Amino acid sequence: MLKPSKGIRTFLVIWLGQLSSMIGSGLIGFALAVWIFEQTGQATPFALTALFSSLPRILLSPVAGALTDRWNRRKIMLIADSLSGVITLVTAFLLFSGQMQVWMVYVISFTGAIFAAFQQPAYTASIVMLVPKDQLTRANSMVQMGQAIETILTPIMAGALFVTVGMIGIIIIDVVTYLFALTTLILVHIPQPEKEIVPEGAKVSIFNDISFGWQYLQDRRGLLGLLLYFAAVNFFLSLSGVMVGPLVLSFSSAASMGAAQSVMGVGMLAGSLVMSIWGGPRDKKISAIIGFIFLASIGFIVGGLRPTMGFISAGSFILTFFIPFASGPSSALFAEKVAPEVQGRVFATRSMLAQSMMPLAYLSSGVLADYVFNPWLVEGGWLADTIVGALIGVGPGRGIGLMIICSGLVLLLVSGVAYANPRIRNIETEIPDAVPNQVERIEKVKELQTAG
C-alpha cells in the first residue's frame with residue numbers, strides 16, 4: 001500500500017479537495033440565504049434550513065457508517081461529491097429559470113445533507129489508513145482547521161463575489177470547487193482496511209451493522225461515557241453559541257454581530273493551526289480533551305459578563321480557540337481504539353450520539369432566552385435587584401448574557417464529573433489500541449507482496 005510519508009501527502013491532497021468543496025458549498029449556501037431573505041424578509045426560514053441541513057446527518061449516520069465499512073470508502077466519497085455537484089446544478093437551474101420557491105430550498109438543504117451524511121464517515125474513516133498513528137491528532141486538527149477556514153472565508157468571499165461576479169459567478173465557482181474535489185479523489189489511492197472476518201453461519205445485514213456500532217461502544221463503557229459527555233458539551237455549546245448574535249444585537253449593530261462571528265472563526269483557525277503544528281499530546285489524551293473543554297467553557301463566562309464587544313470578542317475567541325485542542329485528540333483517540341475495518345459504523349454512531357442533543361438545543365435556546373432568562377434581568381425582574389443583576393447588569397440582552405454564563409458554569413461542572421468517572425479517565429489504559437501500527441503493517445504486507 002502506501003508508505004506513511006506518501007500517505008500523508010495523499011491525505012493533504014484529499015484535504016485540499018474537501019476544503020475547496022466546503023468553501024464552494026458555503027458560497028452557494030450564502031447565495032440561498034440572500035435569496036430567502038429577499039423572498040420572505042423573515043428569520044424563520046433560516047432556522048428551518050439549518051434544521052433540514054442537520055437532521056439527515058444525525059438520522060442517517062448509522063446507515064452511512066455501515067455502508068462505509070462494507071463499500072470502498074474512496075468510491076463513497078466520489079459518489080457523494082458527484083451528487084452534491086448535481087444538486088448545485090439543479091439549484092442553478094431553478095434560480096435562473098425563476099422557478100425556485102422557498103420550500104425547494106428546504107428540499108435542497110435536506111438532500112445535500114443526505115449526501116454529506118455518507119461522505120463524512122467515509123472521509124474520517126480513511127484518515128487512519130493514510131496517516132501514521134503518531135500523526136492522527138495533527139491530521140484531525142487539520143480537518144478542524146479546514147472547517148475554520150471555511151467559516152472565515154465564506155462570508156468574506158461571498159460578499160465580495162456578489163458585488164463583482166454576481167449569483168452566476170458564485171455558482172460557477174461552486175461547480176469548479178466540486179470538480180477539483182472530484183479530481184483529487186480520482187487521482188489518489190486510499191487503502192482499504194482488511195475485511196472483517198464474519199463467523200460462518202452468521203447473518204450479515206444492514207440492521208446488524210447498525211446495531212454493531214452501539215454494541216461496540218457498550219462493550220467499551222469508557223468510550224460510551226466519553227460520547228455522552230460530548231453530547232452534553234454539544235448541547236450547551238449549541239444552546240448558548242447560537243445566542244451570541246442576539247446578544248450582540250441587543251446593544252449593537254449587525255456589523256458588530258458579523259465581527260463577533262469572525263472572531264469565533266479566527267479563534268478556531270488559530271487553535272487548529274497551533275494543533276496542526278504541535279501535533280497534540282502523544283499520551284494522556286483524556287486529560288487534554290477534558291482540560292481543554294474546561295478552558296473553552298471559560299469563554300462563555302467571559303462573553304456573558306458585560307454587554308461590550310471587548311468581553312464578547314474575548315469570550316468568543318477563548319471558546320473557539322480551545323475547541324480544536326479537544327477535538328483533535330478526541331478523534332485521534334477513537335482512531336486508535338477502534339479497529340479500522342469497523343470505524344465507519346462506530347464513527348457514525350459516535351457522530352450521532354455526540355450531535356443528538358443539538359436539534360433540541362436549537363429549538364429550546366430561543367424559548368429559554370425570551371421567556372425565562374431575559375425577563376429575569378429586566379427592570380423589576382426576578383434577579384434585577386440581586387447580586388446577579390449587580391454583577392452582569394440589567395436591561396436588554398442581559399438575560400441572554402446570564403444564559404451564556406450558566407452554560408459555561410454547567411460545562412465546567414460536567415467536565416469535572418466526566419473526569420471523576422474512572423471509566424472515562426482510564427480509557428487509554430483500560431482499552432487497548434485496536435491496531436497499534438495499521439499504516440506500517442499495511443506497508444509491510446505490500447513489501448512482502450512486491451518481493452514475492
# chains A, B, ... in the order shown; residues from 1 in each chain; ligands from 1
call {"tool": "residues_around", "arguments": {"residues": "region 295-309 of chain A", "least_positions_apart": "4", "cutoff": "6 Å", "atoms": "only C-alpha atoms", "output": "PyMOL selection string"}}
result
chain A and resi 313+315-316+318-319+322+392+401+404-405+408
call {"tool": "residues_around", "arguments": {"residues": "Phe11 (chain A)", "least_positions_apart": "4", "cutoff": "8 Å", "atoms": "only C-alpha atoms", "output": "PyMOL selection string"}}
result
chain A and resi 7+15+127+130-131
call {"tool": "write_last_selection", "arguments": {"atoms": "C-alpha atoms", "output": "PDB file, in the first residue's frame"}}
result
ATOM      1  CA  GLY A   7       0.059   8.589   2.896  1.00  0.00           C
ATOM      2  CA  TRP A  15      -7.874  17.601   2.468  1.00  0.00           C
ATOM      3  CA  ILE A 127      -7.634   9.128   7.721  1.00  0.00           C
ATOM      4  CA  LEU A 130      -3.321   7.150   5.362  1.00  0.00           C
ATOM      5  CA  VAL A 131      -1.716   8.742   8.395  1.00  0.00           C
TER       6      VAL A 131
END
call {"tool": "select_by_dssp", "arguments": {"residues": "region 46-287 of chain A", "states": "helix (DSSP H, G or I)", "output": "PyMOL selection string"}}
result
chain A and resi 46-59+61-70+73-97+102-130+133-164+166-187+206-218+221-241+244-249+254-278+285-287
call {"tool": "closest_residue", "arguments": {"among": "A:Ile289, A:Leu227, A:Ala122, A:Leu413", "to": "Gly65 (chain A)", "atoms": "only C-alpha atoms"}}
result
A:Ala122
call {"tool": "residues_around", "arguments": {"residues": "Gly225 (chain A)", "least_positions_apart": "2", "cutoff": "12 Å", "atoms": "only C-alpha atoms", "output": "PDB file with N, CA and C atoms, in the first residue's frame"}}
result
ATOM      1  N   LEU A 217     -19.616   0.162  21.325  1.00  0.00           N
ATOM      2  CA  LEU A 217     -19.408   1.191  22.337  1.00  0.00           C
ATOM      3  C   LEU A 217     -19.890   0.731  23.709  1.00  0.00           C
ATOM      4  N   GLN A 218     -20.978  -0.023  23.747  1.00  0.00           N
ATOM      5  CA  GLN A 218     -21.463  -0.526  25.028  1.00  0.00           C
ATOM      6  C   GLN A 218     -20.464  -1.485  25.667  1.00  0.00           C
ATOM      7  N   ASP A 219     -19.735  -2.209  24.835  1.00  0.00           N
ATOM      8  CA  ASP A 219     -18.710  -3.112  25.361  1.00  0.00           C
ATOM      9  C   ASP A 219     -17.480  -2.355  25.849  1.00  0.00           C
ATOM     10  N   ARG A 220     -17.383  -1.091  25.494  1.00  0.00           N
ATOM     11  CA  ARG A 220     -16.268  -0.239  25.913  1.00  0.00           C
ATOM     12  C   ARG A 220     -16.862   0.974  26.609  1.00  0.00           C
ATOM     13  N   ARG A 221     -17.211   0.778  27.870  1.00  0.00           N
ATOM     14  CA  ARG A 221     -18.008   1.749  28.605  1.00  0.00           C
ATOM     15  C   ARG A 221     -17.329   3.123  28.695  1.00  0.00           C
ATOM     16  N   GLY A 222     -16.015   3.114  28.689  1.00  0.00           N
ATOM     17  CA  GLY A 222     -15.321   4.397  28.751  1.00  0.00           C
ATOM     18  C   GLY A 222     -15.584   5.246  27.525  1.00  0.00           C
ATOM     19  N   LEU A 223     -15.527   4.632  26.338  1.00  0.00           N
ATOM     20  CA  LEU A 223     -15.797   5.373  25.100  1.00  0.00           C
ATOM     21  C   LEU A 223     -17.247   5.854  25.065  1.00  0.00           C
ATOM     22  N   LEU A 227     -18.629   9.743  24.956  1.00  0.00           N
ATOM     23  CA  LEU A 227     -19.569  10.266  23.964  1.00  0.00           C
ATOM     24  C   LEU A 227     -20.761  10.949  24.626  1.00  0.00           C
ATOM     25  N   LEU A 228     -21.235  10.405  25.738  1.00  0.00           N
ATOM     26  CA  LEU A 228     -22.331  11.055  26.453  1.00  0.00           C
ATOM     27  C   LEU A 228     -21.878  12.410  26.991  1.00  0.00           C
ATOM     28  N   TYR A 229     -20.639  12.486  27.403  1.00  0.00           N
ATOM     29  CA  TYR A 229     -20.062  13.775  27.820  1.00  0.00           C
ATOM     30  C   TYR A 229     -20.035  14.750  26.657  1.00  0.00           C
ATOM     31  N   PHE A 230     -19.624  14.263  25.475  1.00  0.00           N
ATOM     32  CA  PHE A 230     -19.616  15.115  24.287  1.00  0.00           C
ATOM     33  C   PHE A 230     -21.024  15.588  23.923  1.00  0.00           C
ATOM     34  N   ALA A 231     -22.024  14.713  24.111  1.00  0.00           N
ATOM     35  CA  ALA A 231     -23.404  15.102  23.821  1.00  0.00           C
ATOM     36  C   ALA A 231     -23.825  16.267  24.710  1.00  0.00           C
ATOM     37  N   ALA A 232     -23.453  16.195  25.991  1.00  0.00           N
ATOM     38  CA  ALA A 232     -23.776  17.291  26.913  1.00  0.00           C
ATOM     39  C   ALA A 232     -23.031  18.561  26.520  1.00  0.00           C
ATOM     40  N   ILE A 286      -7.033  11.918  27.339  1.00  0.00           N
ATOM     41  CA  ILE A 286      -8.271  12.203  28.070  1.00  0.00           C
ATOM     42  C   ILE A 286      -8.117  13.466  28.910  1.00  0.00           C
ATOM     43  N   ARG A 350     -20.836   7.268  16.856  1.00  0.00           N
ATOM     44  CA  ARG A 350     -20.205   8.323  17.650  1.00  0.00           C
ATOM     45  C   ARG A 350     -20.746   9.685  17.246  1.00  0.00           C
ATOM     46  N   LEU A 353     -24.466  10.103  18.382  1.00  0.00           N
ATOM     47  CA  LEU A 353     -24.605  10.324  19.815  1.00  0.00           C
ATOM     48  C   LEU A 353     -24.143  11.719  20.206  1.00  0.00           C
ATOM     49  N   ALA A 354     -22.986  12.130  19.685  1.00  0.00           N
ATOM     50  CA  ALA A 354     -22.427  13.419  20.074  1.00  0.00           C
ATOM     51  C   ALA A 354     -23.311  14.581  19.621  1.00  0.00           C
ATOM     52  N   VAL A 414     -19.850  19.710  34.385  1.00  0.00           N
ATOM     53  CA  VAL A 414     -19.943  18.461  33.630  1.00  0.00           C
ATOM     54  C   VAL A 414     -18.552  17.905  33.319  1.00  0.00           C
ATOM     55  N   SER A 415     -17.605  18.798  33.022  1.00  0.00           N
ATOM     56  CA  SER A 415     -16.239  18.357  32.748  1.00  0.00           C
ATOM     57  C   SER A 415     -15.608  17.726  33.982  1.00  0.00           C
ATOM     58  N   VAL A 417     -17.249  16.228  36.431  1.00  0.00           N
ATOM     59  CA  VAL A 417     -17.911  14.931  36.626  1.00  0.00           C
ATOM     60  C   VAL A 417     -17.350  13.889  35.664  1.00  0.00           C
ATOM     61  N   ALA A 418     -17.127  14.286  34.410  1.00  0.00           N
ATOM     62  CA  ALA A 418     -16.593  13.351  33.419  1.00  0.00           C
ATOM     63  C   ALA A 418     -15.211  12.857  33.819  1.00  0.00           C
ATOM     64  N   TYR A 419     -14.361  13.771  34.281  1.00  0.00           N
ATOM     65  CA  TYR A 419     -13.009  13.365  34.664  1.00  0.00           C
ATOM     66  C   TYR A 419     -13.014  12.497  35.924  1.00  0.00           C
ATOM     67  N   ALA A 420     -14.008  12.712  36.787  1.00  0.00           N
ATOM     68  CA  ALA A 420     -14.105  11.906  38.009  1.00  0.00           C
ATOM     69  C   ALA A 420     -14.555  10.478  37.718  1.00  0.00           C
ATOM     70  N   ASN A 421     -15.125  10.242  36.531  1.00  0.00           N
ATOM     71  CA  ASN A 421     -15.577   8.897  36.162  1.00  0.00           C
ATOM     72  C   ASN A 421     -14.356   8.053  35.783  1.00  0.00           C
ATOM     73  N   PRO A 422     -14.047   6.990  36.535  1.00  0.00           N
ATOM     74  CA  PRO A 422     -12.836   6.202  36.243  1.00  0.00           C
ATOM     75  C   PRO A 422     -12.865   5.518  34.885  1.00  0.00           C
ATOM     76  N   ARG A 423     -14.059   5.165  34.397  1.00  0.00           N
ATOM     77  CA  ARG A 423     -14.150   4.512  33.082  1.00  0.00           C
ATOM     78  C   ARG A 423     -13.687   5.472  31.985  1.00  0.00           C
ATOM     79  N   ILE A 424     -14.038   6.747  32.121  1.00  0.00           N
ATOM     80  CA  ILE A 424     -13.618   7.748  31.143  1.00  0.00           C
ATOM     81  C   ILE A 424     -12.151   8.113  31.354  1.00  0.00           C
ATOM     82  N   ARG A 425     -11.790   8.362  32.586  1.00  0.00           N
ATOM     83  CA  ARG A 425     -10.440   8.833  32.893  1.00  0.00           C
ATOM     84  C   ARG A 425      -9.365   7.817  32.492  1.00  0.00           C
ATOM     85  N   ASN A 426      -9.707   6.525  32.547  1.00  0.00           N
ATOM     86  CA  ASN A 426      -8.712   5.472  32.305  1.00  0.00           C
ATOM     87  C   ASN A 426      -8.872   4.780  30.951  1.00  0.00           C
ATOM     88  N   ILE A 427      -9.537   5.442  30.011  1.00  0.00           N
ATOM     89  CA  ILE A 427      -9.744   4.848  28.686  1.00  0.00           C
ATOM     90  C   ILE A 427      -8.428   4.385  28.062  1.00  0.00           C
TER      91      ILE A 427
END
call {"tool": "closest_residue", "arguments": {"among": "A:Gly213, A:Gly241, A:Gly29, A:Pro62", "to": "Thr49 (chain A)", "atoms": "only C-alpha atoms"}}
result
A:Gly29
call {"tool": "closest_residue", "arguments": {"among": "A:Ser238, A:Ser25, A:Gln261, A:Gln343", "to": "Ala181 (chain A)", "atoms": "only C-alpha atoms"}}
result
A:Ser25
call {"tool": "closest_residue", "arguments": {"among": "A:Gly291, A:Pro246, A:Pro193, A:Gly328", "to": "Val274 (chain A)", "atoms": "only C-alpha atoms"}}
result
A:Gly328
call {"tool": "residues_around", "arguments": {"residues": "region 56-58 of chain A", "least_positions_apart": "6", "cutoff": "10 Å", "atoms": "only C-alpha atoms", "output": "ChimeraX atom specification"}}
result
/A:64,109-118,120,348-349,351-359
call {"tool": "write_last_selection", "arguments": {"atoms": "N, CA and C atoms", "output": "CSV table (one decimal), in the first residue's frame"}}
result
chain,number,residue,atom,x,y,z
A,64,ALA,N,-25.0,5.2,7.1
A,64,ALA,CA,-23.9,5.6,6.3
A,64,ALA,C,-22.6,4.9,6.9
A,109,SER,N,-31.6,21.6,0.8
A,109,SER,CA,-30.7,21.5,2.0
A,109,SER,C,-30.8,20.1,2.6
A,110,PHE,N,-32.0,19.5,2.6
A,110,PHE,CA,-32.2,18.2,3.1
A,110,PHE,C,-31.4,17.1,2.3
A,111,THR,N,-31.6,17.3,0.9
A,111,THR,CA,-30.9,16.3,0.0
A,111,THR,C,-29.4,16.4,0.1
A,112,GLY,N,-28.9,17.7,0.1
A,112,GLY,CA,-27.4,17.9,0.2
A,112,GLY,C,-26.9,17.3,1.5
A,113,ALA,N,-27.7,17.4,2.6
A,113,ALA,CA,-27.2,16.8,3.9
A,113,ALA,C,-27.2,15.3,3.8
A,114,ILE,N,-28.1,14.7,3.0
A,114,ILE,CA,-28.1,13.2,2.9
A,114,ILE,C,-26.7,12.8,2.3
A,115,PHE,N,-26.3,13.5,1.3
A,115,PHE,CA,-25.0,13.1,0.6
A,115,PHE,C,-23.9,13.4,1.6
A,116,ALA,N,-23.9,14.5,2.4
A,116,ALA,CA,-22.9,14.8,3.3
A,116,ALA,C,-22.8,13.7,4.4
A,117,ALA,N,-24.0,13.2,4.8
A,117,ALA,CA,-24.1,12.1,5.8
A,117,ALA,C,-23.3,10.9,5.4
A,118,PHE,N,-23.2,10.6,4.1
A,118,PHE,CA,-22.4,9.4,3.6
A,118,PHE,C,-21.0,9.8,3.4
A,120,GLN,N,-19.1,12.1,5.0
A,120,GLN,CA,-18.3,12.4,6.2
A,120,GLN,C,-17.7,11.2,6.8
A,348,ALA,N,-19.8,6.6,12.9
A,348,ALA,CA,-21.2,7.1,12.6
A,348,ALA,C,-22.0,7.1,13.9
A,349,THR,N,-22.0,6.0,14.7
A,349,THR,CA,-22.7,6.0,15.9
A,349,THR,C,-22.1,7.1,16.9
A,351,SER,N,-20.8,10.0,15.9
A,351,SER,CA,-21.3,11.2,15.5
A,351,SER,C,-22.8,11.5,15.9
A,352,MET,N,-23.6,10.4,15.7
A,352,MET,CA,-25.0,10.6,16.0
A,352,MET,C,-25.2,10.8,17.5
A,353,LEU,N,-24.5,10.1,18.4
A,353,LEU,CA,-24.6,10.3,19.8
A,353,LEU,C,-24.1,11.7,20.2
A,354,ALA,N,-23.0,12.1,19.7
A,354,ALA,CA,-22.4,13.4,20.1
A,354,ALA,C,-23.3,14.6,19.6
A,355,GLN,N,-24.0,14.4,18.5
A,355,GLN,CA,-24.8,15.5,17.9
A,355,GLN,C,-26.3,15.4,18.2
A,356,SER,N,-26.7,14.3,19.0
A,356,SER,CA,-28.1,14.0,19.1
A,356,SER,C,-28.8,15.1,19.9
A,357,MET,N,-28.2,15.9,20.7
A,357,MET,CA,-28.8,16.9,21.5
A,357,MET,C,-28.9,18.3,20.9
A,358,MET,N,-28.2,18.4,19.7
A,358,MET,CA,-28.1,19.7,19.1
A,358,MET,C,-29.4,20.2,18.6
A,359,PRO,N,-30.2,19.4,17.9
A,359,PRO,CA,-31.5,20.0,17.5
A,359,PRO,C,-32.4,20.5,18.7
call {"tool": "residues_around", "arguments": {"residues": "region 377-379 of chain A", "least_positions_apart": "5", "cutoff": "10 Å", "atoms": "only C-alpha atoms", "output": "VMD selection string"}}
result
chain A and resid 372 384 to 386 388 to 389 392 to 402
call {"tool": "atom_distance", "arguments": {"atom1": "CA of Ser407 (chain A)", "atom2": "CA of Ser53 (chain A)"}}
result
24.8 Å
call {"tool": "residues_around", "arguments": {"residues": "Asp81 (chain A)", "least_positions_apart": "5", "cutoff": "9 Å", "atoms": "only C-alpha atoms", "output": "list in words"}}
result
Ser21, Ile76, Val86, Phe115, Ala116, Gln119, Tyr178, Leu179, Ala181 and Leu182 of chain A
call {"tool": "closest_residue", "arguments": {"among": "A:Gln215, A:Ser364, A:Gln99, A:Ser276", "to": "Ala139 (chain A)", "atoms": "only C-alpha atoms"}}
result
A:Ser276
call {"tool": "atom_distance", "arguments": {"atom1": "CA of Leu363 (chain A)", "atom2": "CA of Leu239 (chain A)"}}
result
8.6 Å
call {"tool": "atom_distance", "arguments": {"atom1": "CA of Thr40 (chain A)", "atom2": "CA of Leu237 (chain A)"}}
result
29.0 Å
call {"tool": "decode", "arguments": {"residues": "region 29-105 of chain A", "atoms": "C-alpha atoms", "output": "PDB file, in the first residue's frame"}}
result
ATOM      1  CA  GLY A  29     -25.402  28.443   0.969  1.00  0.00           C
ATOM      2  CA  PHE A  30     -24.791  32.171   1.356  1.00  0.00           C
ATOM      3  CA  ALA A  31     -26.418  32.797  -2.003  1.00  0.00           C
ATOM      4  CA  LEU A  32     -29.523  30.828  -0.990  1.00  0.00           C
ATOM      5  CA  ALA A  33     -29.662  32.711   2.322  1.00  0.00           C
ATOM      6  CA  VAL A  34     -29.722  36.014   0.444  1.00  0.00           C
ATOM      7  CA  TRP A  35     -32.423  34.666  -1.863  1.00  0.00           C
ATOM      8  CA  ILE A  36     -34.590  33.500   1.068  1.00  0.00           C
ATOM      9  CA  PHE A  37     -34.322  36.865   2.807  1.00  0.00           C
ATOM     10  CA  GLU A  38     -35.212  38.704  -0.384  1.00  0.00           C
ATOM     11  CA  GLN A  39     -38.270  36.485  -0.821  1.00  0.00           C
ATOM     12  CA  THR A  40     -39.579  36.346   2.755  1.00  0.00           C
ATOM     13  CA  GLY A  41     -37.887  39.036   4.860  1.00  0.00           C
ATOM     14  CA  GLN A  42     -38.157  36.622   7.807  1.00  0.00           C
ATOM     15  CA  ALA A  43     -35.696  34.776  10.052  1.00  0.00           C
ATOM     16  CA  THR A  44     -37.751  31.592  10.480  1.00  0.00           C
ATOM     17  CA  PRO A  45     -36.760  30.132   7.078  1.00  0.00           C
ATOM     18  CA  PHE A  46     -33.111  30.358   8.151  1.00  0.00           C
ATOM     19  CA  ALA A  47     -33.812  28.220  11.225  1.00  0.00           C
ATOM     20  CA  LEU A  48     -35.786  25.704   9.167  1.00  0.00           C
ATOM     21  CA  THR A  49     -32.987  25.491   6.608  1.00  0.00           C
ATOM     22  CA  ALA A  50     -30.486  24.794   9.402  1.00  0.00           C
ATOM     23  CA  LEU A  51     -32.787  22.113  10.802  1.00  0.00           C
ATOM     24  CA  PHE A  52     -33.200  20.382   7.431  1.00  0.00           C
ATOM     25  CA  SER A  53     -29.438  20.556   6.949  1.00  0.00           C
ATOM     26  CA  SER A  54     -28.683  18.820  10.257  1.00  0.00           C
ATOM     27  CA  LEU A  55     -31.359  16.125  10.582  1.00  0.00           C
ATOM     28  CA  PRO A  56     -30.101  13.761   7.822  1.00  0.00           C
ATOM     29  CA  ARG A  57     -26.581  13.848   9.248  1.00  0.00           C
ATOM     30  CA  ILE A  58     -27.893  12.652  12.601  1.00  0.00           C
ATOM     31  CA  LEU A  59     -30.562  10.199  11.455  1.00  0.00           C
ATOM     32  CA  LEU A  60     -28.592   8.579   8.629  1.00  0.00           C
ATOM     33  CA  SER A  61     -25.228   8.332  10.385  1.00  0.00           C
ATOM     34  CA  PRO A  62     -25.650   4.649  11.425  1.00  0.00           C
ATOM     35  CA  VAL A  63     -26.659   3.562   7.905  1.00  0.00           C
ATOM     36  CA  ALA A  64     -23.862   5.598   6.339  1.00  0.00           C
ATOM     37  CA  GLY A  65     -21.356   4.112   8.763  1.00  0.00           C
ATOM     38  CA  ALA A  66     -22.453   0.568   7.989  1.00  0.00           C
ATOM     39  CA  LEU A  67     -22.067   1.143   4.261  1.00  0.00           C
ATOM     40  CA  THR A  68     -18.707   2.803   4.809  1.00  0.00           C
ATOM     41  CA  ASP A  69     -17.367  -0.423   6.297  1.00  0.00           C
ATOM     42  CA  ARG A  70     -18.916  -2.525   3.514  1.00  0.00           C
ATOM     43  CA  TRP A  71     -18.013  -0.454   0.470  1.00  0.00           C
ATOM     44  CA  ASN A  72     -14.933   1.238  -0.909  1.00  0.00           C
ATOM     45  CA  ARG A  73     -14.550   4.494   1.032  1.00  0.00           C
ATOM     46  CA  ARG A  74     -12.993   6.415  -1.838  1.00  0.00           C
ATOM     47  CA  LYS A  75     -15.907   5.481  -4.117  1.00  0.00           C
ATOM     48  CA  ILE A  76     -18.406   6.602  -1.487  1.00  0.00           C
ATOM     49  CA  MET A  77     -16.716   9.997  -1.342  1.00  0.00           C
ATOM     50  CA  LEU A  78     -16.665  10.210  -5.139  1.00  0.00           C
ATOM     51  CA  ILE A  79     -20.372   9.398  -5.414  1.00  0.00           C
ATOM     52  CA  ALA A  80     -21.353  11.779  -2.595  1.00  0.00           C
ATOM     53  CA  ASP A  81     -19.355  14.672  -4.048  1.00  0.00           C
ATOM     54  CA  SER A  82     -20.702  13.976  -7.548  1.00  0.00           C
ATOM     55  CA  LEU A  83     -24.317  14.002  -6.368  1.00  0.00           C
ATOM     56  CA  SER A  84     -23.663  17.198  -4.394  1.00  0.00           C
ATOM     57  CA  GLY A  85     -22.443  18.751  -7.634  1.00  0.00           C
ATOM     58  CA  VAL A  86     -25.691  17.694  -9.321  1.00  0.00           C
ATOM     59  CA  ILE A  87     -27.616  19.443  -6.543  1.00  0.00           C
ATOM     60  CA  THR A  88     -25.670  22.619  -7.284  1.00  0.00           C
ATOM     61  CA  LEU A  89     -26.583  22.414 -10.971  1.00  0.00           C
ATOM     62  CA  VAL A  90     -30.260  21.866 -10.115  1.00  0.00           C
ATOM     63  CA  THR A  91     -30.119  24.871  -7.790  1.00  0.00           C
ATOM     64  CA  ALA A  92     -28.623  27.000 -10.541  1.00  0.00           C
ATOM     65  CA  PHE A  93     -31.327  25.940 -12.996  1.00  0.00           C
ATOM     66  CA  LEU A  94     -34.153  26.737 -10.550  1.00  0.00           C
ATOM     67  CA  LEU A  95     -32.710  30.142  -9.682  1.00  0.00           C
ATOM     68  CA  PHE A  96     -32.042  31.302 -13.218  1.00  0.00           C
ATOM     69  CA  SER A  97     -35.297  29.927 -14.626  1.00  0.00           C
ATOM     70  CA  GLY A  98     -37.271  31.750 -11.951  1.00  0.00           C
ATOM     71  CA  GLN A  99     -38.863  28.525 -10.674  1.00  0.00           C
ATOM     72  CA  MET A 100     -37.207  28.461  -7.244  1.00  0.00           C
ATOM     73  CA  GLN A 101     -39.586  28.521  -4.283  1.00  0.00           C
ATOM     74  CA  VAL A 102     -38.856  28.631  -0.549  1.00  0.00           C
ATOM     75  CA  TRP A 103     -39.884  25.024   0.064  1.00  0.00           C
ATOM     76  CA  MET A 104     -37.438  23.938  -2.632  1.00  0.00           C
ATOM     77  CA  VAL A 105     -34.589  25.396  -0.567  1.00  0.00           C
TER      78      VAL A 105
END
